[in-house]
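For reference, my_file-v8.txt (compact mmCIF, C-alpha atoms and all ligand atoms):
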# COMPACT_ATOMS: atom_id res chain seq x y z
CA MET A 1 8.38 52.68 201.26
CA LYS A 2 7.21 54.33 204.48
CA LYS A 3 10.76 54.29 205.83
CA PHE A 4 12.06 55.82 202.62
CA THR A 5 9.45 58.62 202.78
CA THR A 6 10.21 59.36 206.45
CA ASN A 7 13.93 59.50 205.71
CA LEU A 8 13.39 61.76 202.71
CA VAL A 9 11.18 64.13 204.72
CA SER A 10 13.69 64.39 207.57
CA TRP A 11 16.52 64.89 205.05
CA LEU A 12 14.61 67.80 203.49
CA ASP A 13 13.52 69.08 206.92
CA GLU A 14 17.15 69.32 208.12
CA ARG A 15 18.00 71.48 205.13
CA PHE A 16 14.90 73.57 204.48
CA ASP A 17 12.93 73.56 207.77
CA LEU A 18 9.55 72.23 206.67
CA THR A 19 7.67 73.61 209.70
CA PRO A 20 5.42 75.95 207.62
CA VAL A 21 4.42 73.08 205.30
CA ARG A 22 3.79 70.79 208.27
CA ASN A 23 1.70 73.46 210.00
CA LEU A 24 -0.31 74.01 206.87
CA LEU A 25 -1.05 70.32 206.38
CA GLN A 26 -1.89 69.76 210.04
CA HIS A 27 -4.01 72.83 210.71
CA LYS A 28 -5.76 73.81 207.47
CA LYS A 29 -9.50 73.18 207.85
CA VAL A 30 -12.48 73.33 205.54
CA PRO A 31 -15.99 74.21 206.80
CA ALA A 32 -18.42 71.27 206.63
CA HIS A 33 -22.08 72.17 205.88
CA LYS A 34 -24.88 71.35 203.46
CA TYR A 35 -23.34 73.43 200.64
CA SER A 36 -19.78 72.07 201.04
CA PHE A 37 -20.12 70.26 197.71
CA TRP A 38 -19.51 73.54 195.87
CA TYR A 39 -16.01 73.74 197.38
CA TYR A 40 -14.87 70.96 195.05
CA LEU A 41 -15.57 72.59 191.68
CA GLY A 42 -12.49 74.82 191.61
CA GLY A 43 -10.36 71.74 192.29
CA VAL A 44 -11.95 69.83 189.39
CA THR A 45 -11.21 72.77 187.08
CA LEU A 46 -7.61 72.74 188.30
CA PHE A 47 -7.34 69.01 187.65
CA LEU A 48 -8.57 69.50 184.07
CA PHE A 49 -5.97 72.22 183.58
CA PHE A 50 -3.25 69.71 184.58
CA ILE A 51 -4.68 67.25 182.04
CA GLN A 52 -4.49 69.99 179.39
CA LEU A 53 -0.84 70.64 180.19
CA VAL A 54 0.18 66.99 179.99
CA THR A 55 -1.82 66.10 176.85
CA GLY A 56 -0.88 69.42 175.20
CA ILE A 57 2.84 68.72 175.68
CA LEU A 58 2.38 65.22 174.24
CA LEU A 59 0.56 66.61 171.18
CA LEU A 60 3.36 69.12 170.69
CA LEU A 61 5.79 66.26 170.09
CA TYR A 62 4.12 65.57 166.71
CA TYR A 63 2.07 68.67 165.82
CA ARG A 64 3.63 70.88 163.12
CA PRO A 65 2.09 74.32 162.57
CA GLY A 66 1.84 75.55 158.97
CA GLU A 67 -0.67 75.60 156.13
CA ASP A 68 0.90 72.52 154.56
CA SER A 69 1.66 70.56 157.68
CA ALA A 70 -0.86 71.27 160.48
CA TYR A 71 -3.76 69.20 159.16
CA GLU A 72 -1.43 66.42 157.99
CA SER A 73 0.34 66.25 161.37
CA VAL A 74 -2.96 65.98 163.26
CA ARG A 75 -4.06 63.21 160.87
CA PHE A 76 -0.76 61.49 161.52
CA ILE A 77 -1.29 61.80 165.29
CA VAL A 78 -4.75 60.21 165.16
CA THR A 79 -3.95 57.46 162.64
CA GLU A 80 -0.27 56.54 163.06
CA VAL A 81 1.02 57.59 166.47
CA LYS A 82 0.42 55.00 169.21
CA PHE A 83 -2.46 56.27 171.36
CA GLY A 84 -2.24 59.60 169.54
CA TRP A 85 -5.99 59.46 168.88
CA LEU A 86 -6.59 59.02 172.62
CA ILE A 87 -4.37 61.95 173.60
CA ARG A 88 -6.05 64.23 171.03
CA ASN A 89 -9.54 63.18 172.14
CA VAL A 90 -8.69 63.66 175.81
CA HIS A 91 -7.18 67.10 175.10
CA SER A 92 -10.26 68.23 173.18
CA TRP A 93 -12.82 66.86 175.62
CA SER A 94 -10.89 68.08 178.66
CA ALA A 95 -10.75 71.61 177.18
CA ASN A 96 -14.54 71.60 176.96
CA LEU A 97 -15.02 70.16 180.43
CA LEU A 98 -12.57 72.73 181.83
CA VAL A 99 -14.64 75.61 180.45
CA PHE A 100 -17.85 73.93 181.65
CA PHE A 101 -16.55 73.43 185.21
CA ALA A 102 -15.02 76.93 185.30
CA PHE A 103 -18.47 78.39 184.49
CA LEU A 104 -20.12 76.14 187.08
CA HIS A 105 -17.50 77.11 189.66
CA MET A 106 -17.96 80.82 188.87
CA PHE A 107 -21.74 80.68 189.31
CA SER A 108 -21.41 78.62 192.49
CA VAL A 109 -19.12 81.23 194.07
CA PHE A 110 -21.46 83.93 192.77
CA PHE A 111 -24.63 82.46 194.29
CA SER A 112 -22.88 81.58 197.55
CA LYS A 113 -21.62 85.21 197.67
CA SER A 114 -18.03 84.03 198.20
CA TYR A 115 -16.77 86.91 196.07
CA LYS A 116 -17.59 89.49 198.77
CA LYS A 117 -14.99 91.14 200.99
CA PRO A 118 -12.24 89.97 201.55
CA ARG A 119 -12.30 87.75 198.41
CA GLU A 120 -12.72 90.47 195.75
CA LEU A 121 -9.35 89.74 194.13
CA THR A 122 -9.95 85.99 194.19
CA TRP A 123 -13.04 86.70 192.07
CA VAL A 124 -11.19 89.09 189.72
CA THR A 125 -8.28 86.67 189.14
CA GLY A 126 -10.82 83.85 188.64
CA PHE A 127 -12.65 85.87 186.02
CA ILE A 128 -9.38 86.64 184.24
CA ILE A 129 -8.47 82.95 184.04
CA LEU A 130 -11.93 82.15 182.72
CA VAL A 131 -11.44 84.69 179.91
CA PHE A 132 -8.05 83.12 179.19
CA SER A 133 -9.65 79.63 179.15
CA LEU A 134 -11.98 80.92 176.41
CA ALA A 135 -8.98 82.34 174.55
CA PHE A 136 -7.31 78.91 174.83
CA GLY A 137 -10.40 77.39 173.24
CA PHE A 138 -10.56 79.96 170.45
CA SER A 139 -6.87 79.71 169.53
CA GLY A 140 -6.77 75.91 169.80
CA TYR A 141 -9.79 75.51 167.53
CA LEU A 142 -7.80 76.68 164.49
CA LEU A 143 -4.75 74.48 165.05
CA PRO A 144 -5.95 71.35 163.14
CA TRP A 145 -6.47 73.66 160.13
CA ASN A 146 -9.73 72.04 159.11
CA GLU A 147 -12.64 73.59 157.24
CA LEU A 148 -14.85 74.28 160.24
CA ALA A 149 -12.06 75.82 162.28
CA PHE A 150 -10.92 77.97 159.38
CA PHE A 151 -14.31 79.54 158.75
CA ALA A 152 -15.18 79.84 162.45
CA THR A 153 -11.90 81.74 162.97
CA LYS A 154 -12.77 83.97 160.03
CA VAL A 155 -16.14 84.81 161.59
CA GLY A 156 -14.62 85.22 165.08
CA THR A 157 -11.87 87.57 163.95
CA ASP A 158 -14.34 89.50 161.75
CA ILE A 159 -16.27 90.27 164.94
CA VAL A 160 -13.10 91.75 166.48
CA GLY A 161 -12.79 93.88 163.32
CA ILE A 162 -16.08 95.72 163.88
CA LEU A 163 -14.82 97.40 167.07
CA PRO A 164 -14.52 101.17 166.62
CA VAL A 165 -11.06 102.75 166.14
CA VAL A 166 -8.91 99.75 167.10
CA GLY A 167 -11.01 96.97 165.50
CA GLU A 168 -9.41 96.77 162.05
CA LYS A 169 -5.89 97.04 163.47
CA LEU A 170 -6.58 94.38 166.08
CA LYS A 171 -8.01 92.06 163.43
CA VAL A 172 -4.89 92.44 161.26
CA ILE A 173 -2.64 91.84 164.27
CA LEU A 174 -4.59 88.72 165.25
CA ARG A 175 -4.66 87.34 161.69
CA GLY A 176 -1.13 88.38 160.82
CA GLY A 177 -2.54 90.06 157.69
CA GLU A 178 -5.85 90.88 156.05
CA ASP A 179 -7.05 87.28 155.80
CA VAL A 180 -6.94 84.05 157.76
CA THR A 181 -3.82 82.34 156.35
CA GLY A 182 -0.83 80.30 157.45
CA ALA A 183 0.37 83.46 159.25
CA THR A 184 -2.78 83.36 161.41
CA LEU A 185 -2.10 79.72 162.18
CA SER A 186 1.49 80.51 163.31
CA ARG A 187 0.20 83.30 165.50
CA PHE A 188 -2.55 81.23 167.06
CA PHE A 189 -0.04 78.45 167.67
CA GLY A 190 2.32 80.82 169.51
CA ILE A 191 -0.56 82.28 171.51
CA HIS A 192 -1.92 78.81 172.36
CA VAL A 193 1.29 77.09 173.43
CA ALA A 194 3.41 79.92 174.87
CA ILE A 195 1.65 83.21 175.60
CA LEU A 196 -1.58 81.89 177.09
CA PRO A 197 0.00 79.18 179.27
CA ALA A 198 2.38 81.77 180.77
CA ILE A 199 -0.31 84.37 181.53
CA PHE A 200 -2.86 81.76 182.63
CA THR A 201 -0.37 80.16 185.04
CA PHE A 202 0.53 83.55 186.52
CA PHE A 203 -3.11 84.41 187.34
CA LEU A 204 -3.89 80.86 188.43
CA VAL A 205 -1.03 80.94 190.95
CA LEU A 206 -2.34 84.27 192.28
CA HIS A 207 -5.88 82.81 192.50
CA LEU A 208 -4.63 79.81 194.47
CA LEU A 209 -2.40 81.92 196.73
CA PHE A 210 -5.34 84.15 197.65
CA ILE A 211 -7.46 81.10 198.50
CA GLN A 212 -4.64 79.57 200.49
CA ARG A 213 -4.15 82.82 202.45
CA GLN A 214 -7.82 83.40 203.24
CA GLY A 215 -9.19 79.90 203.58
CA MET A 216 -12.58 78.84 202.28
CA HIS A 217 -15.54 81.19 202.47
CA GLU A 218 -18.04 80.38 205.24
CA PRO A 219 -21.68 80.95 204.22
CA GLU A 220 -23.93 83.15 206.35
CA HIS A 221 -25.98 80.33 207.92
CA PHE A 222 -22.70 78.66 208.99
CA ASN A 223 -21.25 81.90 210.32
CA ASN A 224 -24.32 82.50 212.48
CA LEU A 225 -23.90 79.17 214.28
CA PRO A 226 -22.41 79.21 217.79
CA GLU A 227 -18.69 78.28 217.70
CA GLU A 228 -19.25 74.83 219.22
CA LYS A 229 -21.81 73.92 216.53
CA LYS A 230 -19.50 74.77 213.58
CA LYS A 231 -18.08 71.65 211.98
CA TYR A 232 -14.83 71.46 209.99
CA ILE A 233 -12.92 68.73 208.23
CA SER A 234 -9.16 68.69 207.95
CA PHE A 235 -7.80 69.77 204.55
CA PHE A 236 -5.25 67.00 204.71
CA PRO A 237 -6.07 64.18 204.34
CA ASP A 238 -9.93 64.38 204.49
CA PHE A 239 -10.68 67.16 201.98
CA ALA A 240 -7.76 66.23 199.72
CA LEU A 241 -8.92 62.60 199.53
CA ARG A 242 -12.46 63.65 198.61
CA ASP A 243 -10.98 65.96 195.99
CA ALA A 244 -8.94 63.04 194.64
CA LEU A 245 -12.04 60.82 194.48
CA LEU A 246 -13.93 63.43 192.47
CA TRP A 247 -10.93 63.88 190.16
CA LEU A 248 -10.95 60.15 189.56
CA ILE A 249 -14.66 60.21 188.68
CA VAL A 250 -14.13 63.16 186.30
CA PHE A 251 -11.17 61.33 184.79
CA ASP A 252 -13.40 58.28 184.15
CA ILE A 253 -16.01 60.46 182.45
CA LEU A 254 -13.27 62.08 180.37
CA ILE A 255 -11.89 58.72 179.20
CA PHE A 256 -15.42 57.48 178.45
CA LEU A 257 -16.09 60.55 176.28
CA ALA A 258 -12.70 60.27 174.56
CA LEU A 259 -13.27 56.58 173.75
CA TYR A 260 -16.89 56.69 172.61
CA PHE A 261 -17.19 60.19 171.13
CA PRO A 262 -14.00 60.79 169.14
CA TRP A 263 -13.22 64.33 168.10
CA GLU A 264 -13.73 64.73 164.35
CA LEU A 265 -10.94 66.03 162.17
CA GLY A 266 -13.11 66.83 159.13
CA ASN A 267 -11.74 68.12 155.82
CA LYS A 268 -8.63 70.18 155.37
CA ALA A 269 -9.26 73.94 155.18
CA ASP A 270 -9.46 75.34 151.67
CA PRO A 271 -9.37 79.15 151.75
CA PHE A 272 -10.74 79.32 148.18
CA SER A 273 -13.83 77.20 148.78
CA ALA A 274 -17.18 78.61 149.86
CA ALA A 275 -17.97 78.48 153.57
CA PRO A 276 -19.73 75.17 154.36
CA GLU A 277 -23.24 75.11 155.87
CA GLY A 278 -23.68 75.45 159.62
CA ILE A 279 -20.51 77.27 160.63
CA ARG A 280 -20.77 77.56 164.38
CA PRO A 281 -18.50 78.64 167.17
CA GLU A 282 -17.73 76.37 170.12
CA TRP A 283 -20.68 75.95 172.49
CA TYR A 284 -19.26 78.43 175.03
CA PHE A 285 -19.35 81.26 172.49
CA MET A 286 -22.78 80.31 171.20
CA PHE A 287 -24.81 82.62 173.48
CA MET A 288 -22.89 85.65 172.20
CA PHE A 289 -23.00 84.49 168.58
CA GLN A 290 -26.77 83.88 168.72
CA THR A 291 -27.46 87.23 170.42
CA LEU A 292 -25.52 89.04 167.67
CA LYS A 293 -27.58 87.16 165.05
CA PHE A 294 -30.82 88.33 166.69
CA LEU A 295 -29.85 92.00 166.66
CA PRO A 296 -31.23 94.21 163.85
CA ALA A 297 -28.79 95.72 161.33
CA HIS A 298 -28.94 99.11 163.04
CA ILE A 299 -29.76 100.13 166.58
CA VAL A 300 -30.34 103.89 166.69
CA PHE A 301 -27.25 105.14 164.80
CA ILE A 302 -24.98 102.23 165.58
CA ASP A 303 -24.37 99.05 163.64
CA GLY A 304 -26.33 96.23 165.37
CA GLU A 305 -23.35 93.87 165.75
CA LEU A 306 -21.13 96.62 167.09
CA PHE A 307 -23.82 97.50 169.62
CA GLY A 308 -23.94 93.85 170.73
CA VAL A 309 -20.15 93.53 171.03
CA LEU A 310 -19.97 96.74 173.10
CA VAL A 311 -22.78 95.61 175.41
CA PHE A 312 -21.06 92.23 175.95
CA GLY A 313 -17.76 93.99 176.65
CA ILE A 314 -19.31 96.33 179.22
CA ALA A 315 -21.35 93.52 180.78
CA GLY A 316 -18.19 91.39 181.14
CA LEU A 317 -16.38 94.26 182.82
CA VAL A 318 -19.24 94.89 185.25
CA TRP A 319 -19.38 91.14 186.04
CA MET A 320 -15.64 91.13 186.77
CA LEU A 321 -16.03 94.13 189.09
CA ILE A 322 -19.18 92.89 190.82
CA PRO A 323 -17.47 92.55 194.26
CA PHE A 324 -16.81 96.32 194.19
CA ILE A 325 -20.34 97.35 193.20
CA LYS A 326 -22.72 98.17 196.03
CA ILE A 327 -26.12 96.62 195.44
CA LYS A 328 -28.64 97.34 198.16
CA GLU A 329 -29.97 94.34 200.08
CA ARG A 330 -33.72 94.11 200.62
CA PRO A 331 -34.22 92.19 203.89
CA ASN A 332 -37.91 91.52 203.21
CA TRP A 333 -37.54 90.42 199.59
CA LYS A 334 -37.63 86.68 198.94
CA ILE A 335 -34.94 86.89 196.25
CA GLN A 336 -32.21 89.50 196.74
CA PRO A 337 -31.54 91.84 193.75
CA ILE A 338 -28.01 90.44 193.26
CA THR A 339 -29.32 86.85 193.20
CA PHE A 340 -31.95 87.94 190.70
CA ILE A 341 -29.24 89.43 188.45
CA GLY A 342 -27.33 86.11 188.63
CA ILE A 343 -30.45 84.13 187.70
CA VAL A 344 -31.13 86.44 184.72
CA VAL A 345 -27.52 85.99 183.51
CA VAL A 346 -27.70 82.16 183.78
CA VAL A 347 -31.12 81.97 182.09
CA PHE A 348 -29.93 84.27 179.30
CA ILE A 349 -26.76 82.23 178.63
CA VAL A 350 -28.60 78.88 178.69
CA LEU A 351 -31.51 80.12 176.56
CA MET A 352 -29.33 81.74 173.89
CA THR A 353 -27.10 78.65 173.74
CA ILE A 354 -30.11 76.37 173.19
CA LEU A 355 -31.56 78.71 170.55
CA GLY A 356 -28.16 78.79 168.86
CA TYR A 357 -28.38 75.04 168.26
CA LEU A 358 -32.10 74.94 167.43
CA LEU A 359 -32.34 77.82 164.96
C1 LIG B 1 -10.60 78.59 185.23
C2 LIG B 1 -9.96 78.09 186.20
C3 LIG B 1 -10.20 78.19 187.70
C4 LIG B 1 -9.53 77.40 188.57
C5 LIG B 1 -8.51 76.31 188.23
C6 LIG B 1 -9.97 77.76 189.90
C7 LIG B 1 -9.53 77.15 191.08
C8 LIG B 1 -10.06 77.38 192.33
C9 LIG B 1 -9.84 76.56 193.51
C10 LIG B 1 -8.98 75.28 193.55
C11 LIG B 1 -10.54 77.11 194.53
C12 LIG B 1 -10.65 76.57 195.97
C13 LIG B 1 -11.78 75.54 196.04
C14 LIG B 1 -13.14 76.08 195.68
O1 LIG B 1 -13.66 76.98 196.37
O2 LIG B 1 -13.70 75.59 194.68
C15 LIG B 1 -11.19 78.32 194.04
C16 LIG B 1 -11.92 79.21 194.80
C17 LIG B 1 -12.48 80.40 194.34
N1 LIG B 1 -12.59 80.77 193.02
FE1 LIG B 1 -11.73 79.80 191.44
N2 LIG B 1 -10.88 78.79 189.83
C18 LIG B 1 -11.07 79.08 188.49
C19 LIG B 1 -11.95 80.02 187.99
C20 LIG B 1 -12.69 80.94 188.76
C21 LIG B 1 -13.63 81.90 188.24
C22 LIG B 1 -14.01 82.03 186.77
C23 LIG B 1 -14.08 82.65 189.31
C24 LIG B 1 -15.03 83.80 189.33
C25 LIG B 1 -15.13 84.72 188.40
C26 LIG B 1 -13.44 82.13 190.51
C27 LIG B 1 -13.61 82.64 191.80
C28 LIG B 1 -13.26 81.97 192.97
C29 LIG B 1 -13.57 82.42 194.31
C30 LIG B 1 -14.28 83.73 194.73
C31 LIG B 1 -13.09 81.42 195.17
C32 LIG B 1 -13.18 81.39 196.72
C33 LIG B 1 -14.32 80.48 197.09
C34 LIG B 1 -14.41 80.26 198.58
O3 LIG B 1 -13.62 80.81 199.34
O4 LIG B 1 -15.32 79.51 198.95
N3 LIG B 1 -12.62 81.09 190.14
N4 LIG B 1 -10.88 78.45 192.69
Spit out the file's structure as structure tokens when you get a sec.
Amino acid sequence: MKKFTTNLVSWLDERFDLTPVRNLLQHKKVPAHKYSFWYYLGGVTLFLFFIQLVTGILLLLYYRPGEDSAYESVRFIVTEVKFGWLIRNVHSWSANLLVFFAFLHMFSVFFSKSYKKPRELTWVTGFIILVFSLAFGFSGYLLPWNELAFFATKVGTDIVGILPVVGEKLKVILRGGEDVTGATLSRFFGIHVAILPAIFTFFLVLHLLFIQRQGMHEPEHFNNLPEEKKKYISFFPDFALRDALLWLIVFDILIFLALYFPWELGNKADPFSAAPEGIRPEWYFMFMFQTLKFLPAHIVFIDGELFGVLVFGIAGLVWMLIPFIKIKERPNWKIQPITFIGIVVVVFIVLMTILGYLL
């Protein structure tokens, strides 16, 4: 095997000159310090994205979009297709873990201030792929065409409709008509399996290229060390092997969840029935959903929900542009203003999510 690999490498080397790849593998280093653990979260998110691609393609072999076929094809996948139930469960659980790890990764780079110069665009591209991960979740939710998904999509697209000027138009474009129908399902299917993967991959490649070009961020305490005290590990094989070990652990957790907590299919959507009790969005939209529920019907002259949607939109934009916003540092404050903002954001998201499930 070793001989075969060596021969293959020299065969490729003769034709393509692999010096840049060899240099990269031999010289790329990762700083080693007490916060190094946070360097692994982006990799875990990437691993889960690969799982989504593979399981998504497998599901596509049997899934048939359409009002009369979507629900039936998913039922066929989980009851008749060999290991179909496993693939569907892994796809659903992995989607949730991906969003969870992307959030964790985002807050870890926020609190370690890795987004600062020169990594502004790494942050911006990261934020864009997080938004697209949420869009993946939203569009995928409808695909089994079950009751819960149908009404949650109705509520979700209604929220888009309250936007001023463009809202109604956008809602009709998203739904493919006035109501959530088979046309909405076709649209969401196209968005989920073609449009989003293409855009997501484009920004993900940019994100990874930026990281590759700049190397890993070195925190302040590490930077202040004298050169001889700074410790590094090689990217290949040391960091890559640790990455692989963590991926294996996450994979075990994923399989455990898929085996013991199967994803429910529920009842087929019936557009003429009344909305069932307890229609809720996915957990990662819960903080926004609950905040909108708390708002009064009118705030000053504006509709309460519209006010909430606008504030979330502006807040998201500011968060995306945070590397470009100058926030004064206070050397004698225990907690810096920017760290305080981050803590408020995390506490708000966690609190609203919990309230969303309790109330
Ligand atoms: C959703 C999918 C995402 C994937 C697959 C991904 C992937 C990665 C990977 C593999 C790394 C290098 C290892 C690491 O530092 O963890 C990284 C670094 C980074 N990511 Fe992401 N990321 C994602 C989302 C985000 C988000 C949402 C943000 C912020 C809004 C972000 C901002 C950054 C920054 C600033 C770095 C550089 C960190 C450093 O140099 O230490 N990423 N990402």
Inset, instruction - Write out as JSON, numbers by chain the residues lying within 10 Å of Glu305 (chain A), counting all atoms listed in the file and excluding same-chain residues fewer than 4 positions away. - result: {"A": [159, 162, 163, 289, 291, 292, 293, 294, 295, 296, 297, 298, 299, 309, 310, 311]}
Please identify all polymer residues within 7 Å of Ser108 (chain A), counting all atoms listed in the file, omitting same-chain residues fewer than 4 positions from it, and present them as a PDB file with C-alpha atoms, in the frame of the given file.
ATOM      1  CA  TRP A  38     -19.510  73.540 195.870  1.00  0.00           C
ATOM      2  CA  LEU A 104     -20.120  76.140 187.080  1.00  0.00           C
ATOM      3  CA  SER A 112     -22.880  81.580 197.550  1.00  0.00           C
TER       4      SER A 112
END
Inset, instruction - Name all residues at most 12 Å from His33 (chain A) (count all atoms listed in the file; drop same-chain ones fewer than 6 positions away) and give them as an NGL selection string. - result: :A and (39 or 217-223 or 225 or 229-233)
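The smallest atom-to-atom distance between ligand LIG 1 (chain B) and any of A:Leu317, A:Val78, A:Ile338, A:Leu359, using only C-alpha atoms and all ligand atoms, is found for A:Leu317.
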Given 3 Å on each side, where is the centre and what are the edge lengths in Å to one decimal of the axis-aligned box enclosing the listed atoms of ligand LIG 1 (chain B), as JSON?
{"center_x": -11.9, "center_y": 80.0, "center_z": 192.3, "size_x": 12.8, "size_y": 15.4, "size_z": 20.1}
Legend entry - Shell of 8 Å around Leu265 (chain A), only C-alpha atoms, local chain residues under 4 positions omitted, as a ChimeraX atom specification: /A:75,144,146
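Between CA of Phe103 (chain A) and CA of Thr184 (chain A) the interatomic distance comes to 28.3 Å.
Ranking A:Gly161, A:Gly66, A:Pro31, A:Pro226 by their shortest atom-to-atom distance to ligand LIG 1 (chain B), with all atoms listed in the file included, puts A:Pro31 first.
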Inset, instruction - May I have the residues within 12 Å of Leu257 (chain A) as number ranges by chain, using only C-alpha atoms and disregarding those fewer than 6 positions away in the same chain? - result: A: 86, 88-94, 96-97, 250-251, 263
Inset, instruction - Give me, please, the distance in Å between CA of Met286 (chain A) and atom N4 of ligand LIG 1 (chain B), quoted to one decimal. - result: 24.6 Å
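Rounded to one decimal, CA of His105 (chain A) and CA of Leu41 (chain A) lie 5.3 Å from each other.
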Inset, instruction - Point out the residue among A:Ile87, A:Val346, A:Ala95, A:Phe203 with the least atom-to-atom distance to Phe287 (chain A), counting only C-alpha atoms. - result: A:Val346
